[in-house]
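Student: What follows is upload_0.cif; its format and atoms are mmCIF, C-alpha atoms.
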```cif
data_target
loop_
_atom_site.label_atom_id
_atom_site.label_comp_id
_atom_site.auth_asym_id
_atom_site.auth_seq_id
_atom_site.Cartn_x
_atom_site.Cartn_y
_atom_site.Cartn_z
CA MET A 1077 6.10 38.44 -26.39
CA ASN A 1078 9.78 39.16 -26.81
CA ASN A 1079 12.57 36.65 -26.39
CA ASP A 1080 13.46 37.85 -22.89
CA GLU A 1081 9.90 37.32 -21.66
CA GLU A 1082 9.76 33.89 -23.28
CA THR A 1083 13.10 32.92 -21.75
CA SER A 1084 11.96 34.17 -18.37
CA ILE A 1085 8.77 32.10 -18.50
CA HIS A 1086 10.65 29.00 -19.61
CA THR A 1087 13.28 29.44 -16.91
CA LEU A 1088 10.60 29.74 -14.26
CA ALA A 1089 8.67 26.77 -15.68
CA ALA A 1090 11.77 24.60 -15.91
CA GLU A 1091 12.88 25.41 -12.37
CA TYR A 1092 9.38 24.64 -11.15
CA VAL A 1093 9.45 21.26 -12.88
CA LEU A 1094 12.99 20.51 -11.75
CA GLY A 1095 11.93 21.34 -8.22
CA THR A 1096 14.69 23.82 -7.46
CA LEU A 1097 12.36 26.64 -6.42
CA GLU A 1098 11.83 27.37 -2.74
CA LYS A 1099 8.38 26.82 -1.27
CA THR A 1100 7.23 30.43 -1.57
CA GLU A 1101 8.40 30.53 -5.18
CA ARG A 1102 6.60 27.25 -5.96
CA ASP A 1103 3.42 28.53 -4.38
CA ALA A 1104 3.65 31.73 -6.42
CA VAL A 1105 4.10 29.76 -9.65
CA GLU A 1106 1.09 27.58 -8.90
CA VAL A 1107 -1.06 30.65 -8.35
CA ARG A 1108 0.26 32.41 -11.43
CA ARG A 1109 -0.20 29.46 -13.80
CA GLU A 1110 -3.93 29.54 -13.11
CA SER A 1111 -4.18 32.87 -14.88
CA ASP A 1112 -1.15 32.69 -17.16
CA PRO A 1113 -1.70 30.18 -19.97
CA LEU A 1114 1.79 30.74 -21.37
CA LEU A 1115 3.37 29.74 -18.08
CA ASP A 1116 0.99 26.81 -17.73
CA GLN A 1117 1.82 25.57 -21.23
CA ALA A 1118 5.54 25.97 -20.59
CA ILE A 1119 5.24 23.90 -17.40
CA VAL A 1120 3.38 21.14 -19.22
CA ARG A 1121 6.00 21.05 -21.96
CA TRP A 1122 8.92 20.88 -19.53
CA GLN A 1123 7.15 18.15 -17.57
CA ALA A 1124 6.80 16.12 -20.75
CA HIS A 1125 10.40 16.68 -21.88
CA LEU A 1126 12.05 15.98 -18.52
CA ALA A 1127 9.83 13.00 -17.67
CA GLY A 1128 12.25 10.72 -19.49
CA LEU A 1129 14.61 11.12 -16.53
CA ASN A 1130 12.20 9.04 -14.46
CA GLU A 1131 13.50 6.05 -16.39
CA TYR A 1132 16.67 6.34 -14.30
CA VAL A 1133 14.70 5.73 -11.14
CA GLN A 1134 14.74 2.23 -9.76
CA ASP A 1135 11.41 0.73 -8.85
CA ALA A 1136 10.80 0.41 -5.13
CA GLU A 1137 8.27 -1.50 -3.08
CA PRO A 1138 6.11 0.14 -0.43
CA ARG A 1139 4.76 -1.87 2.48
CA GLU A 1140 2.18 -4.52 1.84
CA GLY A 1141 -1.38 -3.45 2.41
CA LEU A 1142 -0.82 0.18 1.45
CA PHE A 1143 -3.54 0.06 -1.18
CA ASP A 1144 -6.10 -1.06 1.40
CA GLU A 1145 -5.12 1.97 3.47
CA ILE A 1146 -5.64 4.16 0.43
CA LEU A 1147 -9.13 2.71 0.00
CA ILE A 1148 -9.94 3.39 3.64
CA LYS A 1149 -8.86 7.02 3.24
CA LEU A 1150 -10.92 7.20 0.08
CA ASP A 1151 -13.95 5.94 1.98
CA GLN A 1152 -13.38 8.42 4.77
CA SER A 1153 -13.20 11.19 2.23
CA THR A 1154 -16.38 9.93 0.58
CA GLU A 1155 -18.14 9.73 3.93
CA LYS A 1156 -17.30 13.36 4.64
CA SER A 1157 -18.75 14.32 1.28
CA THR A 1158 -21.85 12.24 1.99
CA GLU A 1159 -22.28 13.86 5.40
CA LYS A 1160 -22.19 17.29 3.80
CA LYS A 1161 -24.75 16.15 1.26
CA VAL A 1162 -27.02 14.74 3.94
CA VAL A 1163 -26.87 17.98 5.89
CA SER A 1164 -27.73 19.95 2.79
CA GLU A 1165 -30.68 17.68 2.03
CA LYS A 1166 -32.16 17.63 5.51
CA SER A 1167 -34.77 20.19 4.54
CA LYS A 1168 -36.21 17.87 1.92
CA PRO A 1169 -39.39 15.94 2.80
CA ALA A 1170 -38.63 12.60 4.41
CA LYS A 1171 -39.38 9.55 2.34
CA ALA A 1172 -41.37 6.61 3.63
CA SER A 1173 -39.25 4.19 5.65
CA PRO A 1174 -39.36 0.69 4.26
CA ILE A 1175 -39.29 -2.02 6.84
CA VAL A 1176 -38.37 -5.13 4.99
CA VAL A 1177 -34.69 -5.56 4.30
CA GLU A 1178 -33.38 -7.91 1.68
CA MET A 1179 -29.77 -8.92 1.78
CA ASP A 1180 -27.58 -11.23 -0.22
CA ALA A 1181 -24.75 -13.37 0.94
CA MET A 1182 -21.55 -12.38 -0.77
CA ARG A 1183 -17.91 -13.13 -0.53
CA VAL A 1184 -15.91 -11.04 1.88
CA ARG A 1185 -13.37 -8.92 0.12
CA LEU A 1186 -10.90 -7.92 2.80
CA LYS A 1187 -10.90 -10.77 5.26
CA ARG A 1188 -11.87 -13.54 2.91
CA TRP A 1189 -14.40 -14.60 5.42
CA ARG A 1190 -17.96 -15.00 4.47
CA PHE A 1191 -20.94 -13.13 5.58
CA THR A 1192 -24.35 -14.72 5.74
CA ALA A 1193 -27.24 -12.34 5.78
CA PHE A 1194 -30.76 -13.05 6.75
CA GLY A 1195 -33.80 -11.14 5.66
CA ALA A 1196 -36.92 -10.69 7.69
CA SER A 1197 -38.09 -14.15 6.81
CA ALA A 1198 -34.97 -15.65 8.34
CA ILE A 1199 -34.92 -13.72 11.58
CA ALA A 1200 -36.25 -16.72 13.46
CA ALA A 1201 -33.31 -18.80 12.28
CA CYS A 1202 -30.81 -16.56 14.01
CA LEU A 1203 -32.98 -15.63 16.91
CA ALA A 1204 -31.40 -18.19 19.20
CA VAL A 1205 -27.92 -16.85 18.63
CA PHE A 1206 -29.16 -13.34 18.91
CA MET A 1207 -30.85 -14.08 22.20
CA VAL A 1208 -27.67 -15.52 23.60
CA VAL A 1209 -25.82 -12.37 22.79
CA ASN A 1210 -28.46 -9.99 23.89
CA PRO A 1211 -31.35 -11.58 25.71
CA THR A 1212 -32.83 -8.24 26.65
CA ILE A 1213 -33.90 -7.50 23.11
CA GLU A 1214 -36.61 -9.51 21.51
CA PRO A 1215 -36.74 -8.90 17.82
CA THR A 1216 -39.94 -9.78 16.11
CA ALA A 1217 -41.10 -9.78 12.56
CA GLN A 1218 -43.42 -6.92 13.26
CA ALA A 1219 -43.40 -3.80 11.21
CA ASN A 1220 -41.07 -1.72 13.35
CA SER A 1221 -38.76 -4.47 14.55
CA PRO A 1222 -35.04 -4.21 13.91
CA PHE A 1223 -33.47 -6.22 11.16
CA VAL A 1224 -31.00 -8.80 12.42
CA ALA A 1225 -28.18 -10.51 10.59
CA VAL A 1226 -25.36 -12.83 11.57
CA PHE A 1227 -21.88 -12.38 10.14
CA GLN A 1228 -20.17 -15.72 10.02
CA ALA A 1229 -16.54 -16.68 9.87
CA ASP A 1230 -15.48 -19.96 8.29
CA ASP A 1231 -19.10 -20.78 7.46
CA SER A 1232 -19.78 -21.91 10.99
CA GLN A 1233 -18.70 -19.54 13.73
CA PRO A 1234 -20.85 -16.46 14.24
CA ALA A 1235 -18.43 -13.55 14.37
CA PHE A 1236 -20.77 -10.60 14.75
CA ILE A 1237 -24.47 -9.98 15.02
CA MET A 1238 -25.76 -6.86 13.41
CA SER A 1239 -29.10 -5.29 14.18
CA LEU A 1240 -30.42 -2.46 12.13
CA ASP A 1241 -33.39 -0.20 12.69
CA ILE A 1242 -34.45 1.01 9.29
CA ASN A 1243 -36.52 3.86 10.69
CA THR A 1244 -33.81 5.43 12.78
CA ARG A 1245 -30.95 4.06 10.61
CA GLN A 1246 -29.30 3.02 13.85
CA LEU A 1247 -26.98 0.06 13.40
CA THR A 1248 -25.56 -2.02 16.22
CA VAL A 1249 -22.79 -4.56 15.78
CA ARG A 1250 -22.24 -6.98 18.62
CA PRO A 1251 -19.24 -9.29 18.72
CA VAL A 1252 -19.85 -12.99 19.23
CA MET A 1253 -16.76 -14.99 18.35
CA ALA A 1254 -14.85 -12.21 16.62
CA GLN A 1255 -11.46 -11.52 18.08
CA GLY A 1256 -9.16 -8.66 17.34
CA GLN A 1257 -5.91 -9.30 15.54
CA ALA A 1258 -2.74 -7.37 16.16
CA GLY A 1259 -2.28 -4.64 13.60
CA LYS A 1260 -5.61 -5.35 11.90
CA THR A 1261 -9.05 -3.86 12.24
CA TYR A 1262 -12.42 -5.02 11.03
CA GLN A 1263 -14.30 -2.75 8.69
CA LEU A 1264 -18.01 -2.71 7.84
CA TRP A 1265 -19.10 -2.16 4.24
CA ILE A 1266 -22.33 -1.43 2.43
CA LYS A 1267 -22.97 -2.12 -1.24
CA SER A 1268 -25.85 -0.81 -3.28
CA ASP A 1269 -26.18 0.08 -6.94
CA ASP A 1270 -27.89 3.29 -5.83
CA ILE A 1271 -24.69 4.61 -4.24
CA GLY A 1272 -22.32 3.58 -6.98
CA PRO A 1273 -20.52 0.54 -8.30
CA ALA A 1274 -18.08 0.28 -5.42
CA PRO A 1275 -18.71 -0.74 -1.83
CA ARG A 1276 -18.72 2.10 0.69
CA SER A 1277 -17.24 1.86 4.11
CA LEU A 1278 -19.43 2.30 7.15
CA GLY A 1279 -16.36 2.70 9.28
CA LEU A 1280 -13.96 0.60 11.26
CA LEU A 1281 -15.04 -1.78 14.01
CA THR A 1282 -12.14 -0.74 16.15
CA ASN A 1283 -13.05 -2.29 19.48
CA VAL A 1284 -14.59 -5.70 18.92
CA ALA A 1285 -14.80 -6.36 22.64
CA ASN A 1286 -17.91 -4.22 22.98
CA PRO A 1287 -21.06 -3.48 20.97
CA ILE A 1288 -20.52 -0.79 18.37
CA GLN A 1289 -23.24 1.61 17.33
CA LYS A 1290 -23.28 3.55 14.12
CA LYS A 1291 -25.72 5.80 12.35
CA ILE A 1292 -26.05 5.01 8.66
CA ASP A 1293 -26.36 8.13 6.58
CA TYR A 1294 -28.06 6.47 3.67
CA ASP A 1295 -31.67 6.72 2.69
CA PRO A 1296 -33.83 3.86 4.04
CA ALA A 1297 -34.78 3.04 0.46
CA ILE A 1298 -31.10 2.35 -0.20
CA ILE A 1299 -30.52 0.48 3.04
CA ARG A 1300 -33.52 -1.69 2.28
CA TYR A 1301 -31.88 -3.39 -0.67
CA ALA A 1302 -28.26 -2.98 0.30
CA THR A 1303 -25.74 -5.71 0.94
CA PHE A 1304 -23.52 -5.53 4.00
CA TRP A 1305 -20.31 -7.29 4.84
CA TYR A 1306 -17.17 -6.92 6.83
CA MET B 917 8.38 7.84 -20.11
CA ASN B 918 9.52 4.30 -20.75
CA GLU B 919 7.08 1.69 -19.48
CA SER B 920 9.47 -1.25 -19.51
CA SER B 921 9.52 -1.28 -15.71
CA LEU B 922 5.75 -1.37 -15.52
CA SER B 923 3.80 -4.53 -15.78
CA GLU B 924 4.46 -5.97 -19.20
CA GLN B 925 0.77 -6.47 -19.62
CA HIS B 926 0.14 -2.76 -19.57
CA THR B 927 0.62 -0.33 -22.41
CA THR B 928 -0.01 3.37 -22.71
CA GLU B 929 -3.42 2.53 -24.10
CA SER B 930 -4.35 0.10 -21.34
CA LEU B 931 -3.22 2.53 -18.63
CA ALA B 932 -5.22 5.30 -20.28
CA HIS B 933 -8.23 2.99 -20.32
CA LEU B 934 -7.75 2.24 -16.62
CA LEU B 935 -7.53 5.96 -15.85
CA ASN B 936 -10.74 6.49 -17.78
CA ARG B 937 -12.45 3.86 -15.64
CA VAL B 938 -10.98 5.34 -12.47
CA ALA B 939 -12.53 8.65 -13.51
CA GLN B 940 -15.87 6.80 -13.34
CA GLU B 941 -15.04 5.71 -9.79
CA ASP B 942 -14.27 2.12 -10.76
CA ARG B 943 -12.29 0.74 -7.83
CA HIS B 944 -11.32 -2.44 -9.59
CA ALA B 945 -9.63 -0.33 -12.24
CA PHE B 946 -8.04 1.74 -9.48
CA SER B 947 -6.62 -1.41 -7.93
CA GLU B 948 -5.30 -2.59 -11.28
CA LEU B 949 -3.76 0.82 -11.94
CA TYR B 950 -2.07 0.73 -8.54
CA GLN B 951 -0.67 -2.73 -9.16
CA ALA B 952 0.70 -1.65 -12.53
CA THR B 953 2.30 1.62 -11.44
CA HIS B 954 2.98 1.79 -7.71
CA ARG B 955 6.53 0.48 -7.84
CA LYS B 956 7.56 3.12 -10.34
CA LEU B 957 5.80 5.94 -8.50
CA PHE B 958 7.14 4.78 -5.14
CA GLY B 959 10.63 4.66 -6.62
CA ILE B 960 10.29 8.30 -7.68
CA VAL B 961 8.99 9.39 -4.28
CA TYR B 962 11.46 7.34 -2.27
CA ARG B 963 14.48 8.49 -4.26
CA ILE B 964 13.70 12.08 -3.25
CA LEU B 965 12.52 11.56 0.32
CA LYS B 966 14.80 8.63 1.16
CA ARG B 967 12.54 7.63 4.03
CA GLN B 968 10.33 4.57 3.72
CA SER B 969 7.53 5.58 6.05
CA LEU B 970 7.22 9.17 4.83
CA SER B 971 7.43 7.99 1.23
CA GLU B 972 4.55 5.57 1.83
CA GLU B 973 2.50 8.35 3.37
CA VAL B 974 3.12 10.55 0.35
CA LEU B 975 2.37 7.69 -2.03
CA GLN B 976 -1.05 7.31 -0.44
CA GLU B 977 -1.78 10.96 -1.10
CA VAL B 978 -0.50 10.61 -4.65
CA TYR B 979 -2.98 7.85 -5.43
CA LEU B 980 -5.81 9.75 -3.77
CA ARG B 981 -4.98 12.67 -6.07
CA ILE B 982 -4.89 10.35 -9.05
CA TRP B 983 -8.37 9.16 -8.07
CA GLU B 984 -9.62 12.74 -7.73
CA LYS B 985 -8.00 14.06 -10.88
CA ALA B 986 -8.43 11.08 -13.20
CA SER B 987 -11.27 12.78 -15.04
CA ALA B 988 -8.88 15.63 -15.92
CA TYR B 989 -6.36 13.33 -17.58
CA ASP B 990 -5.90 14.18 -21.25
CA THR B 991 -4.15 11.68 -23.53
CA ARG B 992 -3.12 14.54 -25.83
CA VAL B 993 -1.06 16.20 -23.11
CA ALA B 994 0.93 13.33 -21.59
CA SER B 995 1.16 9.58 -21.37
CA PRO B 996 -0.62 8.07 -18.36
CA ILE B 997 2.59 7.19 -16.52
CA THR B 998 4.11 10.63 -17.19
CA TRP B 999 0.92 12.24 -15.88
CA MET B 1000 0.99 10.10 -12.74
CA ALA B 1001 4.73 10.58 -12.24
CA THR B 1002 4.20 14.34 -12.44
CA ILE B 1003 1.61 14.14 -9.68
CA ALA B 1004 4.02 12.03 -7.62
CA ARG B 1005 6.95 14.40 -8.13
CA ASN B 1006 4.91 17.53 -7.45
CA ARG B 1007 3.56 16.13 -4.21
CA THR B 1008 7.01 14.93 -3.18
CA ILE B 1009 8.76 18.20 -3.97
CA ASP B 1010 6.04 20.05 -2.05
CA GLU B 1011 6.72 17.77 0.90
CA VAL B 1012 10.47 18.15 0.82
CA ARG B 1013 10.30 21.94 0.41
CA LYS B 1014 7.68 22.25 3.13
CA ASN B 1015 9.67 20.36 5.71
CA GLN B 1016 13.21 21.14 4.59
CA LEU B 1017 14.15 17.61 5.58
CA PRO B 1018 17.48 17.11 7.31
CA GLU B 1019 20.16 15.10 5.62
CA SER B 1020 19.29 11.43 5.41
CA ASP B 1021 21.57 8.74 6.70
CA VAL B 1022 21.27 7.18 3.30
CA GLU B 1023 24.00 8.42 1.05
CA VAL B 1024 23.31 8.57 -2.65
CA ASP B 1025 26.31 7.93 -4.83
CA PHE B 1026 26.11 10.74 -7.32
CA ASP B 1027 28.29 8.87 -9.78
CA LEU B 1028 25.60 6.25 -10.01
CA ILE B 1029 22.78 8.61 -10.84
CA ALA B 1030 23.05 8.23 -14.57
CA ASP B 1031 23.38 4.45 -14.28
CA ASP B 1032 20.80 3.90 -11.60
CA SER B 1033 18.55 1.06 -12.73
CA MET B 1034 20.07 1.23 -16.20
CA THR B 1035 21.00 -2.31 -16.94
CA PRO B 1036 22.25 -3.15 -20.42
CA ASP B 1037 18.85 -4.52 -21.32
CA ASP B 1038 17.15 -1.34 -20.20
CA SER B 1039 19.35 0.70 -22.47
CA PHE B 1040 17.58 -0.84 -25.45
CA ALA B 1041 14.26 0.25 -24.08
CA LYS B 1042 15.00 3.94 -23.61
CA SER B 1043 12.19 6.09 -24.87
CA ARG B 1044 12.67 8.45 -27.76
CA GLU B 1045 12.03 11.33 -25.37
CA LEU B 1046 14.85 10.21 -23.10
CA LEU B 1047 17.25 9.74 -25.98
CA THR B 1048 16.50 13.28 -27.16
CA LEU B 1049 16.91 14.64 -23.64
CA GLU B 1050 20.17 12.78 -23.11
CA ALA B 1051 21.54 14.14 -26.37
CA CYS B 1052 20.68 17.68 -25.26
CA LEU B 1053 22.07 17.16 -21.76
CA ALA B 1054 25.29 15.85 -23.26
CA GLY B 1055 25.68 19.22 -24.95
CA LEU B 1056 25.78 21.08 -21.63
CA GLU B 1057 29.02 22.06 -20.03
CA SER B 1058 30.09 19.83 -17.17
CA PRO B 1059 28.74 19.60 -14.53
CA ARG B 1060 25.48 21.28 -15.58
CA SER B 1061 24.05 18.09 -16.98
CA GLU B 1062 24.68 16.28 -13.69
CA MET B 1063 23.19 19.22 -11.81
CA ILE B 1064 19.96 19.05 -13.84
CA LYS B 1065 19.71 15.32 -13.13
CA ALA B 1066 20.42 15.79 -9.44
CA ALA B 1067 17.71 18.41 -9.17
CA TYR B 1068 15.13 16.32 -10.99
CA LEU B 1069 15.90 12.88 -9.60
CA ASP B 1070 16.92 13.72 -6.04
CA GLY B 1071 14.84 16.83 -5.55
CA ASP B 1072 17.80 19.02 -4.63
CA SER B 1073 17.07 22.68 -3.95
CA ARG B 1074 19.45 25.36 -5.25
CA GLN B 1075 21.11 25.45 -1.83
CA GLU B 1076 21.56 21.69 -1.81
CA LEU B 1077 23.01 21.85 -5.32
CA ALA B 1078 25.43 24.53 -4.12
CA GLU B 1079 26.58 22.24 -1.33
CA ARG B 1080 26.76 19.19 -3.54
CA PHE B 1081 28.80 20.93 -6.23
CA ASN B 1082 30.71 23.06 -3.76
CA GLN B 1083 29.78 26.28 -5.52
CA PRO B 1084 28.31 29.61 -4.39
CA LEU B 1085 24.53 29.86 -4.66
CA GLY B 1086 24.83 32.57 -7.33
CA THR B 1087 26.92 30.29 -9.51
CA ILE B 1088 24.34 27.52 -9.20
CA LYS B 1089 21.57 29.90 -10.28
CA THR B 1090 23.61 30.98 -13.27
CA TRP B 1091 24.38 27.37 -14.22
CA LEU B 1092 20.74 26.43 -13.89
CA HIS B 1093 19.50 29.31 -16.01
CA ARG B 1094 22.10 28.81 -18.72
CA GLY B 1095 21.48 25.07 -18.75
CA ILE B 1096 17.73 25.59 -19.03
CA LYS B 1097 18.14 28.06 -21.87
CA GLN B 1098 20.42 25.67 -23.73
CA LEU B 1099 18.00 22.77 -23.26
CA GLN B 1100 15.12 24.96 -24.38
CA GLY B 1101 16.88 25.62 -27.67
CA CYS B 1102 18.03 22.04 -28.12
CA MET B 1103 14.56 20.58 -27.52
CA ASN B 1104 12.75 23.32 -29.47
CA LEU B 1105 10.66 24.33 -26.48
#
```
How does the structure come out when it is put into structure tokens?
Tutor:
Amino acid sequence: MNNDEETSIHTLAAEYVLGTLEKTERDAVEVRRESDPLLDQAIVRWQAHLAGLNEYVQDAEPREGLFDEILIKLDQSTEKSTEKKVVSEKSKPAKASPIVVEMDAMRVRLKRWRFTAFGASAIAACLAVFMVVNPTIEPTAQANSPFVAVFQADDSQPAFIMSLDINTRQLTVRPVMAQGQAGKTYQLWIKSDDIGPAPRSLGLLTNVANPIQKKIDYDPAIIRYATFWY
Amino acid sequence: MNESSLSEQHTTESLAHLLNRVAQEDRHAFSELYQATHRKLFGIVYRILKRQSLSEEVLQEVYLRIWEKASAYDTRVASPITWMATIARNRTIDEVRKNQLPESDVEVDFDLIADDSMTPDDSFAKSRELLTLEACLAGLESPRSEMIKAAYLDGDSRQELAERFNQPLGTIKTWLHRGIKQLQGCMNL
């Protein structure tokens, strides 16, 4: 490569890093660098050498709660990926659907409220509350009965009741004492070692005035041992 | 890039470790990384966009990209904060070029660019890279050094530089290219 070619590549790389190129020129550089290692290397070197200018920039503070919004977007992105995966795996033979669900009580992350979960053996304990909320459904401890759990706020007030049919993966959240707060939305989470170290969102509970139904796109074997909270 | 404005508890090594954990989808590490770096990255984005709400929107996308690309981070290529700042600047420049934002009500005092956030204490913490760059910029004819800084820090396009320096567009292009060539030689690029 002669000096003119090298200068030309460096000029283009430097202008790209400085940001002085117009949109079409930037787009063209980004395409070209994929197949032009010399241009790509020149860009990386200019980025490193000009980065010191960032020390002139004063720190600034974005609005509070922005990171939670980032996590929600991350979950939405993950859910889309999961949906694609589920669709692609639909042709696989269905696994047996476990009936018994085991759940742990754990500290609420976002709302700092606590969630108390009840396994099949504890269904009777929350039956009274459940019946008040929805007397038309009579959960039993039989094999195909829905799993029922009470989400509590402040250790005493039942906020939501969640029923979950493991076979159909249909989840219903019914508000009890939960009330919406201006500018805030409840969110339902699932945690299982089988789907990674981090909790995954099951979506927002946007309208707490009415029952909310959701389909859980996780394998029953995962749901069986998962932990839920909001 | 100097990390004096980052959390004092974080070093290049600790940020690289956090990025490594983020690459393994560790959200606690992601949270810690955000806490350590978001003020710096938001400062970079906001200085160019000059709009709080839009800057916050872009910052969200920046961190989502950091999450996605963390596994591609290479300690041999750049420091963690330089790598993240590059993602932030690229996304911001894309945004400003895409929308061709109208002039903001917020005026930036160009005379303050070089001194922005540079308190006397900070001057002792300048990185070696910045000192080298400043020495090379000082060798440029006036006002090419200021033009390079305006482009990088404020995201000015060539047209905006022409307006700011009250010069024809062709002159700005010539200044840019000559300045770049001179910096290239000075920094042995």
Student: Once you count only C-alpha atoms, which residues of chain A turn out to be within 9 Å of chain B? Could you give them as a ChimeraX atom specification?
Tutor: /A:1083,1086-1087,1090-1091,1093-1099,1102,1118,1120-1139,1142-1143,1145-1147,1149-1150,1272-1275
Student: Taking (25.1, 24.0, -24.2) in the file's own coordinates, collect the residues within 10 Å, counting all atoms listed in the file, and hand them back as a list in words.
Tutor: Cys1052, Leu1053, Ala1054, Gly1055, Leu1056, Glu1057, Ser1058, Arg1060, Ser1061, Arg1094, Gly1095, Ile1096, Lys1097, Gln1098, Leu1099, Gly1101 and Cys1102 of chain B
Student: In Å to one decimal, how far is CA of Glu1140 in chain A from CA of Arg1250 in chain A?
Tutor: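 Answer for the CA of Arg1250 in chain A to CA of Glu1140 in chain A separation: 29.7 Å.
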Student: Run the PyMOL selection byres ((chain B and resi 933) around 12) mentally over the shown coordinates, then write out the matched residues as number ranges by chain, using the chain letters and numbers from the document.
Tutor: B: 926-932, 934-940, 942, 945-946, 948-949, 986-987, 989-991, 995-996
Student: Take the residues that were just selected and, keeping C-alpha atoms, output them as an mmCIF file, keeping the file's coordinate frame.
Tutor:
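Printed below is selection-v8.cif as written:
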```cif
data_model
loop_
_atom_site.group_PDB
_atom_site.id
_atom_site.type_symbol
_atom_site.label_atom_id
_atom_site.label_comp_id
_atom_site.auth_asym_id
_atom_site.auth_seq_id
_atom_site.Cartn_x
_atom_site.Cartn_y
_atom_site.Cartn_z
ATOM 1 C CA HIS B 926 0.140 -2.760 -19.570
ATOM 2 C CA THR B 927 0.620 -0.330 -22.410
ATOM 3 C CA THR B 928 -0.010 3.370 -22.710
ATOM 4 C CA GLU B 929 -3.420 2.530 -24.100
ATOM 5 C CA SER B 930 -4.350 0.100 -21.340
ATOM 6 C CA LEU B 931 -3.220 2.530 -18.630
ATOM 7 C CA ALA B 932 -5.220 5.300 -20.280
ATOM 8 C CA LEU B 934 -7.750 2.240 -16.620
ATOM 9 C CA LEU B 935 -7.530 5.960 -15.850
ATOM 10 C CA ASN B 936 -10.740 6.490 -17.780
ATOM 11 C CA ARG B 937 -12.450 3.860 -15.640
ATOM 12 C CA VAL B 938 -10.980 5.340 -12.470
ATOM 13 C CA ALA B 939 -12.530 8.650 -13.510
ATOM 14 C CA GLN B 940 -15.870 6.800 -13.340
ATOM 15 C CA ASP B 942 -14.270 2.120 -10.760
ATOM 16 C CA ALA B 945 -9.630 -0.330 -12.240
ATOM 17 C CA PHE B 946 -8.040 1.740 -9.480
ATOM 18 C CA GLU B 948 -5.300 -2.590 -11.280
ATOM 19 C CA LEU B 949 -3.760 0.820 -11.940
ATOM 20 C CA ALA B 986 -8.430 11.080 -13.200
ATOM 21 C CA SER B 987 -11.270 12.780 -15.040
ATOM 22 C CA TYR B 989 -6.360 13.330 -17.580
ATOM 23 C CA ASP B 990 -5.900 14.180 -21.250
ATOM 24 C CA THR B 991 -4.150 11.680 -23.530
ATOM 25 C CA SER B 995 1.160 9.580 -21.370
ATOM 26 C CA PRO B 996 -0.620 8.070 -18.360
#
```
Student: Considering all atoms listed in the file, can you say which of A:Glu1106, A:Glu1155, A:Asp1144, A:Asp1112 comes closest to Ile1271 in chain A?
Tutor: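 Smallest distance to Ile1271 in chain A is found for A:Glu1155.
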Student: Go through the shown structure with the PyMOL selection byres ((chain A and resi 1286) around 10) and write out the matching residues as a list in words.
Tutor: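 For this structure, the PyMOL selection byres ((chain A and resi 1286) around 10) resolves to Val1249, Arg1250, Pro1251, Val1252, Leu1281, Thr1282, Asn1283, Val1284, Ala1285, Pro1287, Ile1288 and Gln1289 of chain A.
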Student: What separation in Å, quoted to one decimal, exists between CA of Ala1302 in chain A and CA of Asp1241 in chain A?
Tutor: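 Straight-line distance from CA of Ala1302 in chain A to CA of Asp1241 in chain A works out to 13.7 Å.
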Student: Rounded to one decimal place, report the CA of Glu1079 in chain B-CA of Met1063 in chain B distance in Å.
Tutor: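 These atoms are spaced 11.4 Å apart.
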Student: Running the PyMOL selection byres ((chain A and resi 1276) around 8) on this model by hand, what would come out? Give it as a PyMOL selection string.
Tutor: chain A and resi 1151+1265-1267+1274-1275+1277-1278
Student: The centre and edge lengths of an axis-aligned box containing all atoms of range 954-957 of chain B present in the file, extended by 3 Å on each side, are to be given in Å to one decimal, as AutoDock Vina command-line options.
Tutor:
```
--center_x 5.3 --center_y 3.2 --center_z -9.0 --size_x 10.6 --size_y 11.5 --size_z 8.6
```
